[in-house]
>>> print(open('start12.csv').read())   # CSV, C-alpha atoms
chain,number,residue,atom,x,y,z
A,1,MET,CA,-21.3,-5.4,-18.7
A,2,ASN,CA,-23.6,-7.5,-20.8
A,3,GLY,CA,-24.5,-4.6,-22.9
A,4,ASP,CA,-20.8,-3.8,-23.3
A,5,ARG,CA,-20.0,-7.3,-24.4
A,6,LYS,CA,-22.9,-7.5,-26.9
A,7,SER,CA,-21.9,-4.4,-28.7
A,8,VAL,CA,-18.3,-5.6,-29.0
A,9,LEU,CA,-19.5,-9.0,-30.2
A,10,ARG,CA,-21.7,-7.5,-32.8
A,11,ARG,CA,-18.4,-6.6,-34.5
A,12,SER,CA,-17.1,-10.0,-34.1
A,13,ASP,CA,-17.0,-10.7,-37.8
A,14,GLU,CA,-14.1,-8.2,-38.1
A,15,TYR,CA,-12.0,-10.7,-36.2
A,16,ALA,CA,-13.3,-13.9,-37.7
A,17,HIS,CA,-10.1,-14.3,-39.7
A,18,CYS,CA,-8.2,-14.7,-36.4
A,19,ASP,CA,-9.9,-18.0,-35.6
A,20,PRO,CA,-7.8,-20.2,-37.8
A,21,LEU,CA,-4.7,-18.4,-36.5
A,22,PHE,CA,-5.7,-19.3,-33.0
A,23,ASP,CA,-6.2,-22.9,-34.0
A,24,GLU,CA,-2.8,-23.1,-35.5
A,25,LEU,CA,-1.2,-21.3,-32.5
A,26,GLY,CA,-2.7,-23.9,-30.2
A,27,THR,CA,-0.9,-26.7,-32.1
A,28,LEU,CA,2.6,-25.0,-31.9
A,29,ASP,CA,5.3,-25.4,-29.4
A,30,PRO,CA,5.9,-22.1,-27.6
A,31,ASP,CA,9.6,-22.3,-28.7
A,32,ASP,CA,8.7,-22.6,-32.3
A,33,PRO,CA,9.5,-19.3,-34.1
A,34,ARG,CA,6.2,-19.6,-35.9
A,35,HIS,CA,4.5,-19.3,-32.5
A,36,GLU,CA,6.0,-15.9,-31.8
A,37,GLU,CA,5.1,-14.8,-35.3
A,38,LEU,CA,1.5,-15.9,-35.0
A,39,ARG,CA,1.2,-14.3,-31.6
A,40,ALA,CA,2.5,-11.0,-32.9
A,41,THR,CA,0.1,-11.2,-35.8
A,42,LEU,CA,-2.9,-11.9,-33.6
A,43,VAL,CA,-2.1,-9.1,-31.2
A,44,THR,CA,-1.7,-6.7,-34.1
A,45,GLU,CA,-4.9,-7.8,-35.8
A,46,LEU,CA,-6.8,-7.5,-32.5
A,47,LEU,CA,-5.5,-4.1,-31.4
A,48,PRO,CA,-8.7,-2.4,-32.5
A,49,LEU,CA,-10.5,-4.5,-29.9
A,50,ALA,CA,-8.4,-3.1,-27.1
A,51,GLU,CA,-8.9,0.4,-28.4
A,52,HIS,CA,-12.6,-0.1,-28.6
A,53,ILE,CA,-12.8,-1.3,-25.0
A,54,ALA,CA,-10.5,1.5,-23.8
A,55,THR,CA,-12.8,4.1,-25.5
A,56,ARG,CA,-15.7,2.8,-23.4
A,57,PHE,CA,-13.9,3.9,-20.3
A,58,ALA,CA,-12.7,7.2,-21.6
A,59,GLY,CA,-13.9,10.4,-20.0
A,60,ARG,CA,-13.6,9.1,-16.5
A,61,GLY,CA,-10.5,11.1,-15.6
A,62,GLU,CA,-7.8,8.8,-16.9
A,63,PRO,CA,-5.8,9.8,-20.0
A,64,ARG,CA,-7.1,7.9,-23.0
A,65,GLU,CA,-3.7,6.8,-24.1
A,66,ASP,CA,-3.1,5.2,-20.7
A,67,LEU,CA,-6.4,3.3,-21.0
A,68,VAL,CA,-5.4,2.0,-24.4
A,69,GLN,CA,-2.1,0.8,-23.1
A,70,VAL,CA,-3.7,-1.0,-20.3
A,71,ALA,CA,-6.3,-2.5,-22.6
A,72,ARG,CA,-3.5,-3.7,-24.9
A,73,ILE,CA,-1.8,-5.4,-22.0
A,74,GLY,CA,-5.2,-7.1,-21.3
A,75,LEU,CA,-5.3,-8.1,-24.9
A,76,ILE,CA,-1.9,-9.7,-24.8
A,77,ASN,CA,-2.8,-11.6,-21.7
A,78,ALA,CA,-6.0,-12.8,-23.3
A,79,VAL,CA,-4.1,-14.0,-26.4
A,80,ASP,CA,-1.6,-15.8,-24.3
A,81,ARG,CA,-4.2,-17.4,-22.1
A,82,TYR,CA,-6.8,-18.3,-24.6
A,83,ASP,CA,-7.2,-21.9,-25.3
A,84,ALA,CA,-9.1,-22.5,-28.6
A,85,GLN,CA,-9.7,-26.1,-27.8
A,86,ARG,CA,-12.0,-25.2,-24.9
A,87,GLY,CA,-14.6,-24.3,-27.4
A,88,HIS,CA,-15.2,-20.7,-26.5
A,89,ASP,CA,-14.7,-18.1,-29.1
A,90,PHE,CA,-11.9,-15.7,-28.5
A,91,LEU,CA,-14.0,-12.6,-28.1
A,92,SER,CA,-16.2,-14.0,-25.3
A,93,PHE,CA,-13.0,-14.8,-23.5
A,94,ALA,CA,-11.0,-11.7,-24.3
A,95,VAL,CA,-13.6,-9.0,-23.7
A,96,PRO,CA,-14.0,-9.7,-20.0
A,97,THR,CA,-10.3,-10.2,-19.6
A,98,ILE,CA,-9.5,-6.8,-21.2
A,99,MET,CA,-12.2,-5.1,-19.3
A,100,GLY,CA,-11.0,-6.6,-16.1
A,101,GLU,CA,-7.5,-5.2,-16.8
A,102,VAL,CA,-8.9,-1.7,-17.4
A,103,ARG,CA,-11.1,-1.8,-14.3
A,104,ARG,CA,-8.1,-2.9,-12.2
A,105,HIS,CA,-6.2,0.1,-13.6
A,106,PHE,CA,-9.0,2.4,-12.5
A,107,ARG,CA,-9.1,0.9,-9.1
A,108,ASP,CA,-5.3,1.0,-8.7
A,109,THR,CA,-5.0,4.5,-10.0
A,110,GLY,CA,-8.0,6.2,-8.5
A,111,TRP,CA,-7.1,9.4,-6.8
A,112,ALA,CA,-8.8,10.6,-3.7
A,113,VAL,CA,-8.2,14.3,-4.4
A,114,ARG,CA,-7.5,16.2,-7.6
A,115,VAL,CA,-3.8,15.9,-8.3
A,116,PRO,CA,-2.1,17.7,-11.2
A,117,ARG,CA,-1.6,15.5,-14.2
A,118,ARG,CA,2.2,15.9,-14.0
A,119,LEU,CA,2.1,14.3,-10.5
A,120,LYS,CA,-0.1,11.5,-11.6
A,121,GLU,CA,2.3,10.7,-14.4
A,122,LEU,CA,5.2,11.0,-12.1
A,123,HIS,CA,3.5,8.6,-9.7
A,124,LEU,CA,3.0,6.1,-12.6
A,125,THR,CA,6.7,6.3,-13.5
A,126,LEU,CA,7.6,5.8,-9.9
A,127,SER,CA,5.3,2.8,-9.5
A,128,GLN,CA,7.0,1.1,-12.5
A,129,GLY,CA,10.5,2.0,-11.2
A,130,ILE,CA,9.6,0.6,-7.8
A,131,ALA,CA,8.4,-2.6,-9.4
A,132,GLU,CA,11.5,-3.0,-11.5
A,133,LEU,CA,13.9,-2.3,-8.7
A,134,SER,CA,12.1,-4.5,-6.2
A,135,GLN,CA,12.2,-7.3,-8.7
A,136,ARG,CA,15.9,-6.9,-9.3
A,137,MET,CA,17.0,-6.3,-5.7
A,138,GLY,CA,14.5,-8.5,-3.9
A,139,ARG,CA,13.6,-5.6,-1.5
A,140,ALA,CA,12.0,-2.2,-1.7
A,141,PRO,CA,14.3,0.5,-3.2
A,142,THR,CA,15.1,3.8,-1.4
A,143,PRO,CA,14.2,7.2,-2.9
A,144,THR,CA,17.9,7.7,-3.9
A,145,GLU,CA,18.0,4.3,-5.8
A,146,LEU,CA,14.7,5.2,-7.5
A,147,SER,CA,16.0,8.6,-8.6
A,148,GLN,CA,19.1,7.0,-10.1
A,149,HIS,CA,17.2,4.3,-11.8
A,150,LEU,CA,14.7,6.6,-13.3
A,151,ASP,CA,17.2,9.4,-13.9
A,152,LEU,CA,15.0,11.8,-11.9
A,153,ASP,CA,15.8,14.5,-9.4
A,154,ILE,CA,15.7,13.2,-5.9
A,155,ASP,CA,13.3,16.0,-4.8
A,156,GLN,CA,11.0,15.1,-7.7
A,157,VAL,CA,11.0,11.5,-6.4
A,158,ARG,CA,10.2,12.5,-2.9
A,159,GLU,CA,7.4,14.8,-4.2
A,160,GLY,CA,6.0,12.0,-6.3
A,161,LEU,CA,6.1,9.5,-3.5
A,162,MET,CA,4.3,12.0,-1.2
A,163,ALA,CA,1.7,12.5,-3.9
A,164,GLY,CA,1.1,8.8,-3.6
A,165,ASN,CA,-0.5,9.6,-0.2
A,166,ALA,CA,-3.4,11.3,-2.1
A,167,TYR,CA,-4.0,8.0,-3.8
A,168,GLN,CA,-7.5,6.8,-3.3
A,169,ALA,CA,-7.8,4.1,-0.7
A,170,LEU,CA,-9.7,1.0,-1.7
A,171,SER,CA,-13.1,1.5,-0.2
A,172,VAL,CA,-15.3,-1.1,1.1
A,173,ASP,CA,-17.8,-0.8,-1.7
A,174,LYS,CA,-15.3,-1.8,-4.3
A,175,PRO,CA,-15.0,-5.4,-5.3
A,176,VAL,CA,-12.2,-7.2,-3.4
A,177,HIS,CA,-12.8,-10.7,-4.5
A,178,ASP,CA,-11.9,-10.4,-8.2
A,179,GLU,CA,-8.2,-11.2,-7.6
A,180,ASP,CA,-9.0,-14.1,-5.4
A,181,THR,CA,-6.0,-16.1,-6.5
A,182,LEU,CA,-4.6,-16.4,-3.0
A,183,SER,CA,-5.5,-19.4,-1.0
A,184,LEU,CA,-5.9,-18.4,2.6
A,185,ALA,CA,-4.8,-21.8,3.8
A,186,ASP,CA,-1.5,-21.0,2.0
A,187,THR,CA,-0.9,-18.0,4.2
A,188,ILE,CA,-2.4,-18.8,7.6
A,189,GLY,CA,-3.6,-21.6,9.7
A,190,SER,CA,-6.7,-20.4,11.5
A,191,ASP,CA,-4.9,-20.9,14.8
A,192,ASP,CA,-1.7,-19.1,14.1
A,193,PRO,CA,0.3,-19.5,17.3
A,194,SER,CA,1.7,-16.0,17.3
A,195,ILE,CA,-1.8,-14.6,17.2
A,196,VAL,CA,-2.5,-16.4,20.5
A,197,LEU,CA,0.3,-14.3,22.1
A,198,VAL,CA,-1.8,-11.3,21.6
A,199,GLU,CA,-3.9,-10.8,24.7
A,200,ASN,CA,-7.1,-9.7,23.0
A,201,HIS,CA,-6.9,-12.3,20.3
A,202,GLU,CA,-10.3,-13.7,21.2
A,203,ALA,CA,-11.7,-10.3,20.3
A,204,LEU,CA,-9.4,-10.0,17.3
A,205,GLN,CA,-10.0,-13.4,15.7
A,206,PRO,CA,-13.7,-12.9,14.8
A,207,LEU,CA,-12.8,-9.4,13.4
A,208,LEU,CA,-10.1,-11.0,11.3
A,209,GLU,CA,-12.6,-13.5,10.0
A,210,GLU,CA,-14.9,-10.7,8.9
A,211,LEU,CA,-12.2,-9.2,6.7
A,212,PRO,CA,-12.1,-9.8,3.0
A,213,ARG,CA,-9.7,-12.7,2.6
A,214,ARG,CA,-7.1,-10.8,0.7
A,215,GLU,CA,-7.0,-8.1,3.4
A,216,ARG,CA,-6.8,-10.6,6.1
A,217,ALA,CA,-4.1,-12.6,4.4
A,218,ILE,CA,-2.0,-9.5,3.9
A,219,LEU,CA,-2.4,-8.4,7.5
A,220,VAL,CA,-1.5,-11.9,8.8
A,221,MET,CA,1.6,-12.1,6.4
A,222,ARG,CA,2.8,-8.7,7.7
A,223,PHE,CA,2.0,-9.0,11.4
A,224,PHE,CA,2.2,-12.7,12.1
A,225,GLY,CA,4.2,-14.0,9.2
A,226,GLY,CA,7.2,-11.6,9.4
A,227,MET,CA,7.0,-10.8,5.6
A,228,THR,CA,8.0,-7.4,4.3
A,229,GLN,CA,5.5,-5.4,2.2
A,230,THR,CA,7.5,-6.0,-0.9
A,231,GLN,CA,7.5,-9.7,-0.3
A,232,ILE,CA,3.7,-9.6,0.3
A,233,ALA,CA,3.2,-7.5,-2.9
A,234,ASP,CA,5.1,-10.1,-4.9
A,235,ARG,CA,3.1,-13.0,-3.4
A,236,VAL,CA,-0.3,-11.4,-3.9
A,237,GLY,CA,0.5,-9.9,-7.2
A,238,ILE,CA,-0.2,-6.2,-6.4
A,239,SER,CA,2.1,-3.3,-5.9
A,240,GLN,CA,3.9,-2.5,-2.6
A,241,MET,CA,2.0,0.8,-2.5
A,242,HIS,CA,-1.2,-1.1,-2.8
A,243,VAL,CA,-0.2,-3.4,0.0
A,244,SER,CA,0.7,-0.4,2.1
A,245,ARG,CA,-2.7,1.2,1.5
A,246,LEU,CA,-4.6,-2.0,2.3
A,247,LEU,CA,-2.7,-2.6,5.5
A,248,SER,CA,-3.2,0.9,6.8
A,249,GLN,CA,-6.9,0.6,6.1
A,250,THR,CA,-7.3,-2.7,7.7
A,251,LEU,CA,-5.5,-1.6,10.8
A,252,GLU,CA,-7.7,1.5,11.0
A,253,LEU,CA,-10.8,-0.7,10.7
A,254,LEU,CA,-9.6,-3.1,13.3
A,255,ARG,CA,-8.6,-0.3,15.6
A,256,GLY,CA,-12.1,1.2,15.4
A,257,LYS,CA,-13.7,-2.2,16.1
A,258,LEU,CA,-11.3,-3.3,18.9
A,259,THR,CA,-11.7,-0.1,20.9
A,260,GLY,CA,-15.4,-0.1,20.3
A,261,GLU,CA,-15.5,-3.4,22.2
A,262,ASN,CA,-13.2,-2.4,25.0
A,263,SER,CA,-14.9,0.8,26.0
B,1,MET,CA,-0.6,23.8,15.4
B,2,GLU,CA,3.1,24.5,15.3
B,3,PHE,CA,5.8,23.2,13.0
B,4,HIS,CA,9.5,23.3,13.9
B,5,GLY,CA,12.2,22.2,11.6
B,6,THR,CA,15.2,23.7,13.3
B,7,PRO,CA,18.3,22.1,14.6
B,8,SER,CA,17.9,21.1,18.2
B,9,HIS,CA,19.7,22.9,21.1
B,10,ASN,CA,19.7,19.9,23.3
B,11,HIS,CA,22.8,20.3,25.3
B,12,SER,CA,22.6,16.9,26.9
B,13,SER,CA,23.4,15.1,23.7
B,14,ALA,CA,27.0,14.4,22.8
B,15,ASP,CA,26.1,14.1,19.1
B,16,GLY,CA,24.6,17.6,19.2
B,17,VAL,CA,25.8,18.3,15.7
B,18,LEU,CA,23.9,15.4,14.1
B,19,ASP,CA,21.0,15.8,16.4
B,20,GLU,CA,18.4,17.7,14.4
B,21,LEU,CA,14.9,17.8,15.8
B,22,ILE,CA,11.8,18.0,13.8
B,23,GLU,CA,8.6,18.5,15.8
B,24,LEU,CA,4.9,18.7,14.9
B,25,ARG,CA,2.4,19.8,17.5
B,26,LEU,CA,-1.3,19.4,16.7
B,27,PRO,CA,-4.6,18.9,18.4
B,28,ALA,CA,-4.8,15.3,19.9
B,29,LYS,CA,-7.7,14.4,17.5
B,30,ALA,CA,-8.0,11.4,15.3
B,31,GLU,CA,-8.7,13.6,12.2
B,32,GLN,CA,-5.3,15.3,12.6
B,33,ILE,CA,-3.3,12.1,12.4
B,34,PRO,CA,-2.9,12.1,8.6
B,35,LEU,CA,-0.7,15.2,9.1
B,36,VAL,CA,1.7,13.1,11.2
B,37,ARG,CA,1.7,10.5,8.5
B,38,MET,CA,2.7,13.0,5.9
B,39,LEU,CA,5.5,14.4,8.1
B,40,THR,CA,6.7,10.9,8.8
B,41,HIS,CA,6.8,10.2,5.1
B,42,GLY,CA,8.7,13.4,4.4
B,43,VAL,CA,11.3,12.8,7.1
B,44,LEU,CA,11.9,9.2,6.2
B,45,ALA,CA,12.1,9.8,2.5
B,46,ARG,CA,14.7,12.5,3.2
B,47,ALA,CA,16.6,10.1,5.3
B,48,ASP,CA,16.5,7.7,2.3
B,49,PHE,CA,14.8,4.9,4.1
B,50,GLY,CA,13.6,2.0,1.8
B,51,LEU,CA,10.0,2.3,0.7
B,52,ASP,CA,9.0,-0.7,2.8
B,53,ALA,CA,10.5,1.0,5.9
B,54,ILE,CA,8.8,4.2,5.0
B,55,ALA,CA,5.4,2.5,4.7
B,56,ASP,CA,6.0,0.6,7.9
B,57,ALA,CA,7.0,3.7,9.8
B,58,LYS,CA,3.9,5.6,8.7
B,59,MET,CA,1.7,2.8,10.0
B,60,ALA,CA,3.7,2.7,13.3
B,61,VAL,CA,3.5,6.4,13.9
B,62,ASP,CA,-0.2,6.2,12.9
B,63,GLU,CA,-0.8,3.5,15.4
B,64,ALA,CA,1.1,5.2,18.2
B,65,CYS,CA,-0.8,8.5,17.6
B,66,ALA,CA,-4.1,6.7,17.5
B,67,GLN,CA,-3.4,5.1,20.8
B,68,LEU,CA,-2.4,8.4,22.4
B,69,VAL,CA,-5.4,10.2,20.9
B,70,GLN,CA,-7.8,7.7,22.4
B,71,LEU,CA,-6.4,8.5,25.9
B,72,ALA,CA,-5.8,12.2,25.5
B,73,ASP,CA,-7.5,14.7,27.8
B,74,LEU,CA,-10.1,16.9,26.1
B,75,GLY,CA,-8.4,19.7,24.3
B,76,ALA,CA,-4.9,18.2,24.7
B,77,GLU,CA,-2.1,18.6,22.3
B,78,LEU,CA,-0.3,15.8,20.5
B,79,SER,CA,3.4,16.3,20.0
B,80,CYS,CA,5.5,14.2,17.6
B,81,ARG,CA,9.3,14.7,17.6
B,82,PHE,CA,11.6,13.2,15.0
B,83,ARG,CA,15.3,13.0,15.7
B,84,THR,CA,18.0,11.4,13.6
B,85,THR,CA,20.4,9.4,15.8
B,86,PRO,CA,23.0,6.8,15.2
B,87,ARG,CA,20.4,4.2,16.3
B,88,GLY,CA,18.0,5.3,13.6
B,89,ILE,CA,15.2,7.8,13.5
B,90,GLU,CA,13.7,8.2,17.0
B,91,VAL,CA,10.1,9.3,17.0
B,92,SER,CA,8.6,10.4,20.3
B,93,CYS,CA,4.9,11.0,20.4
B,94,SER,CA,3.2,12.3,23.5
B,95,THR,CA,0.0,13.8,24.9
B,96,ARG,CA,-1.6,14.8,28.1
B,97,THR,CA,-3.8,12.3,29.7
B,98,ARG,CA,-5.4,11.4,33.1
B,99,HIS,CA,-5.0,7.8,32.1
B,100,PRO,CA,-2.3,6.7,34.5
B,101,ALA,CA,-0.8,3.6,32.7
B,102,PRO,CA,1.1,3.1,29.4
B,103,PRO,CA,-0.6,1.0,26.8
B,104,ASN,CA,-1.0,-2.7,27.4
B,105,GLU,CA,2.0,-4.4,25.9
B,106,ARG,CA,0.1,-7.5,25.1
B,107,SER,CA,-2.6,-5.8,23.0
B,108,PHE,CA,-2.9,-6.1,19.3
B,109,GLY,CA,-2.0,-2.4,18.9
B,110,TRP,CA,1.3,-3.0,20.8
B,111,HIS,CA,2.0,-6.0,18.7
B,112,VAL,CA,1.5,-3.8,15.6
B,113,LEU,CA,4.0,-1.3,17.0
B,114,THR,CA,6.7,-3.9,17.8
B,115,THR,CA,6.3,-5.5,14.4
B,116,LEU,CA,6.7,-2.2,12.5
B,117,ALA,CA,9.3,-0.4,14.6
B,118,HIS,CA,12.8,-1.5,15.6
B,119,SER,CA,12.0,-0.7,19.2
B,120,VAL,CA,9.1,0.6,21.1
B,121,SER,CA,8.7,1.9,24.7
B,122,ALA,CA,6.1,3.9,26.5
B,123,HIS,CA,6.2,5.9,29.7
B,124,HIS,CA,3.8,8.0,31.7
B,125,ASP,CA,5.1,11.0,33.6
B,126,LEU,CA,3.0,12.7,36.2
B,127,LEU,CA,2.8,16.5,36.0
B,128,PRO,CA,3.5,17.9,39.5
B,129,GLY,CA,0.3,19.2,41.2
B,130,GLU,CA,-2.0,18.1,38.4
B,131,PRO,CA,-4.3,15.1,37.9
B,132,SER,CA,-2.9,14.5,34.4
B,133,GLY,CA,0.4,13.3,33.2
B,134,VAL,CA,2.2,13.1,29.9
B,135,LEU,CA,2.0,9.7,28.1
B,136,THR,CA,4.8,9.2,25.6
B,137,ILE,CA,5.4,6.4,23.1
B,138,ASP,CA,8.9,6.2,21.8
B,139,LEU,CA,9.7,4.5,18.5
B,140,VAL,CA,13.1,3.8,16.9
B,141,LEU,CA,12.8,3.4,13.1
B,142,ARG,CA,15.5,1.7,11.0
B,143,ALA,CA,16.1,2.2,7.3
B,144,GLU,CA,15.7,-1.5,6.6
B,145,SER,CA,12.3,-3.0,7.0
B,146,SER,CA,11.8,-4.6,10.4
B,147,ALA,CA,10.5,-7.9,9.0
B,148,GLY,CA,12.5,-10.9,8.1
>>> encode(input="start12.csv", output="structure tokens")
Amino acid sequence: MNGDRKSVLRRSDEYAHCDPLFDELGTLDPDDPRHEELRATLVTELLPLAEHIATRFAGRGEPREDLVQVARIGLINAVDRYDAQRGHDFLSFAVPTIMGEVRRHFRDTGWAVRVPRRLKELHLTLSQGIAELSQRMGRAPTPTELSQHLDLDIDQVREGLMAGNAYQALSVDKPVHDEDTLSLADTIGSDDPSIVLVENHEALQPLLEELPRRERAILVMRFFGGMTQTQIADRVGISQMHVSRLLSQTLELLRGKLTGENS
Amino acid sequence: MEFHGTPSHNHSSADGVLDELIELRLPAKAEQIPLVRMLTHGVLARADFGLDAIADAKMAVDEACAQLVQLADLGAELSCRFRTTPRGIEVSCSTRTRHPAPPNERSFGWHVLTTLAHSVSAHHDLLPGEPSGVLTIDLVLRAESSAG
């Protein structure tokens, strides 16, 4: 990571001309047409940075063009969130932001088994379709709705959704705290009354406390908060499929530990 | 392992025409459960359930099978039957076990089942002249997610 950052920063002179633009951007009202113009200029000027970072992650099984797209999204986020007045230079802010975006992409698109490229792409299309429709309808779409929205054959949609089963589960050795935007206190009180209704809650409670907080929050929202997976996905800022995977995993983990204690 | 996807010949049902049975039989072992998940996914996607409902159903069937597998006799078979009815999709999972009682309805596992499925019930039927019986968990799954 440090090495990565250094080698990108060595080229920082290439982007020195962006600094005054950022200074100007900071003084403008977001509704000012000049703001949009500057933002577009900055993103365009900085595109090579995204490409450069994407290249560092190439050769790990993800198509390069996908990585470049993801890095560009990271770049746009970085341009939008950067505050020149805080005194950091843009690159030292942007590089970790963009890398974080690419890493998240790897984590979210890691496959447990080798899946044909066509299916991976189909899965990506479906994920985007699911996100759009969920947003629009406020609930998860059905396969038929997805096929209509994406203009795909229904059997193709079913096949693609099934291929999602081969999606790599988030394993315990991967970082789980990097999206820690969720305050647990927002989602549960430690003595949620409906947990108490569960007979083995004394055994359950300490196991819940051992869980990474995102996993625990998701579990509690689904099983003690009456939220749907789509609602949880929206709240936590991950996809419904990701929520589904995390929930299944957490249940399996708890199942193993709870029965271990009972027997 | 056997796989049946044929229309049922269940004469007791008045809705016999609608009543298609899909059944998966497999060894009652934890490592086989992912196969049931896949079938659940396939059946529910075909029935055009919402994606939340499909994901919930997979977890519910997973949980039911995991509970059964824990109690199953050595070498027993796990049977999972899916039937489309006017109430929704009924899933019936069963296995042979010497364990005489259905699962504890106040356990966390049962709470998971009741949260994810529209309705859940369990029964244990003794096999005549044998120490074992058949433990069955019945789930009814609905196209809309069970939360909210």
>>> interface_residues(input="start12.csv", of="chain B", to="chain A", cutoff="6 Å", atoms="only C-alpha atoms", output="ChimeraX atom specification")
/B:48-52,106-108,147-148
>>> residues_around(input="start12.csv", residues="Val69 of chain B", least_positions_apart="2", cutoff="12 Å", atoms="only C-alpha atoms", output="VMD selection string")
chain B and resid 26 to 33 61 to 67 71 to 79 93 to 97 99 103 135 to 137
>>> closest_residue(input="start12.csv", among="B:Glu20, B:Glu130, B:Ser121, B:Lys58", to="Ser92 of chain B", atoms="only C-alpha atoms")
B:Ser121
>>> atom_distance(input="start12.csv", atom1="atom CA of His111 of chain B", atom2="atom CA of Gly42 of chain B")
25.0 Å
>>> closest_residue(input="start12.csv", among="A:Asp83, A:Val43, A:Leu75, A:Pro63", to="Glu24 of chain A", atoms="all atoms listed in the file")
A:Asp83
>>> atom_distance(input="start12.csv", atom1="atom CA of Arg98 of chain B", atom2="atom CA of Thr250 of chain A")
29.1 Å
>>> atom_distance(input="start12.csv", atom1="atom CA of Leu24 of chain B", atom2="atom CA of Leu44 of chain B")
14.7 Å
>>> residues_around(input="start12.csv", residues="segment 70-73 of chain A", least_positions_apart="3", cutoff="6 Å", atoms="all atoms listed in the file", output="PyMOL selection string")
chain A and resi 50+54+67+76+98+102
>>> closest_residue(input="start12.csv", among="A:Arg81, A:Arg216, A:His17, A:His123", to="Val236 of chain A", atoms="all atoms listed in the file")
A:Arg216
>>> residues_near_point(input="start12.csv", point="(-6.9, -26.1, -29.7)", cutoff="8 Å", atoms="only C-alpha atoms", output="number ranges by chain")
A: 22-27, 83-86
>>> closest_residue(input="start12.csv", among="B:Ala117, B:Leu127, B:Cys80, B:Leu21", to="Ala53 of chain B", atoms="all atoms listed in the file")
B:Ala117
>>> closest_residue(input="start12.csv", among="A:Arg56, A:His149, A:Lys257, A:Arg235", to="Arg103 of chain A", atoms="only C-alpha atoms")
A:Arg56
>>> closest_residue(input="start12.csv", among="B:Val120, B:Ala60, B:Leu113, B:Leu39", to="Arg25 of chain B", atoms="only C-alpha atoms")
B:Leu39
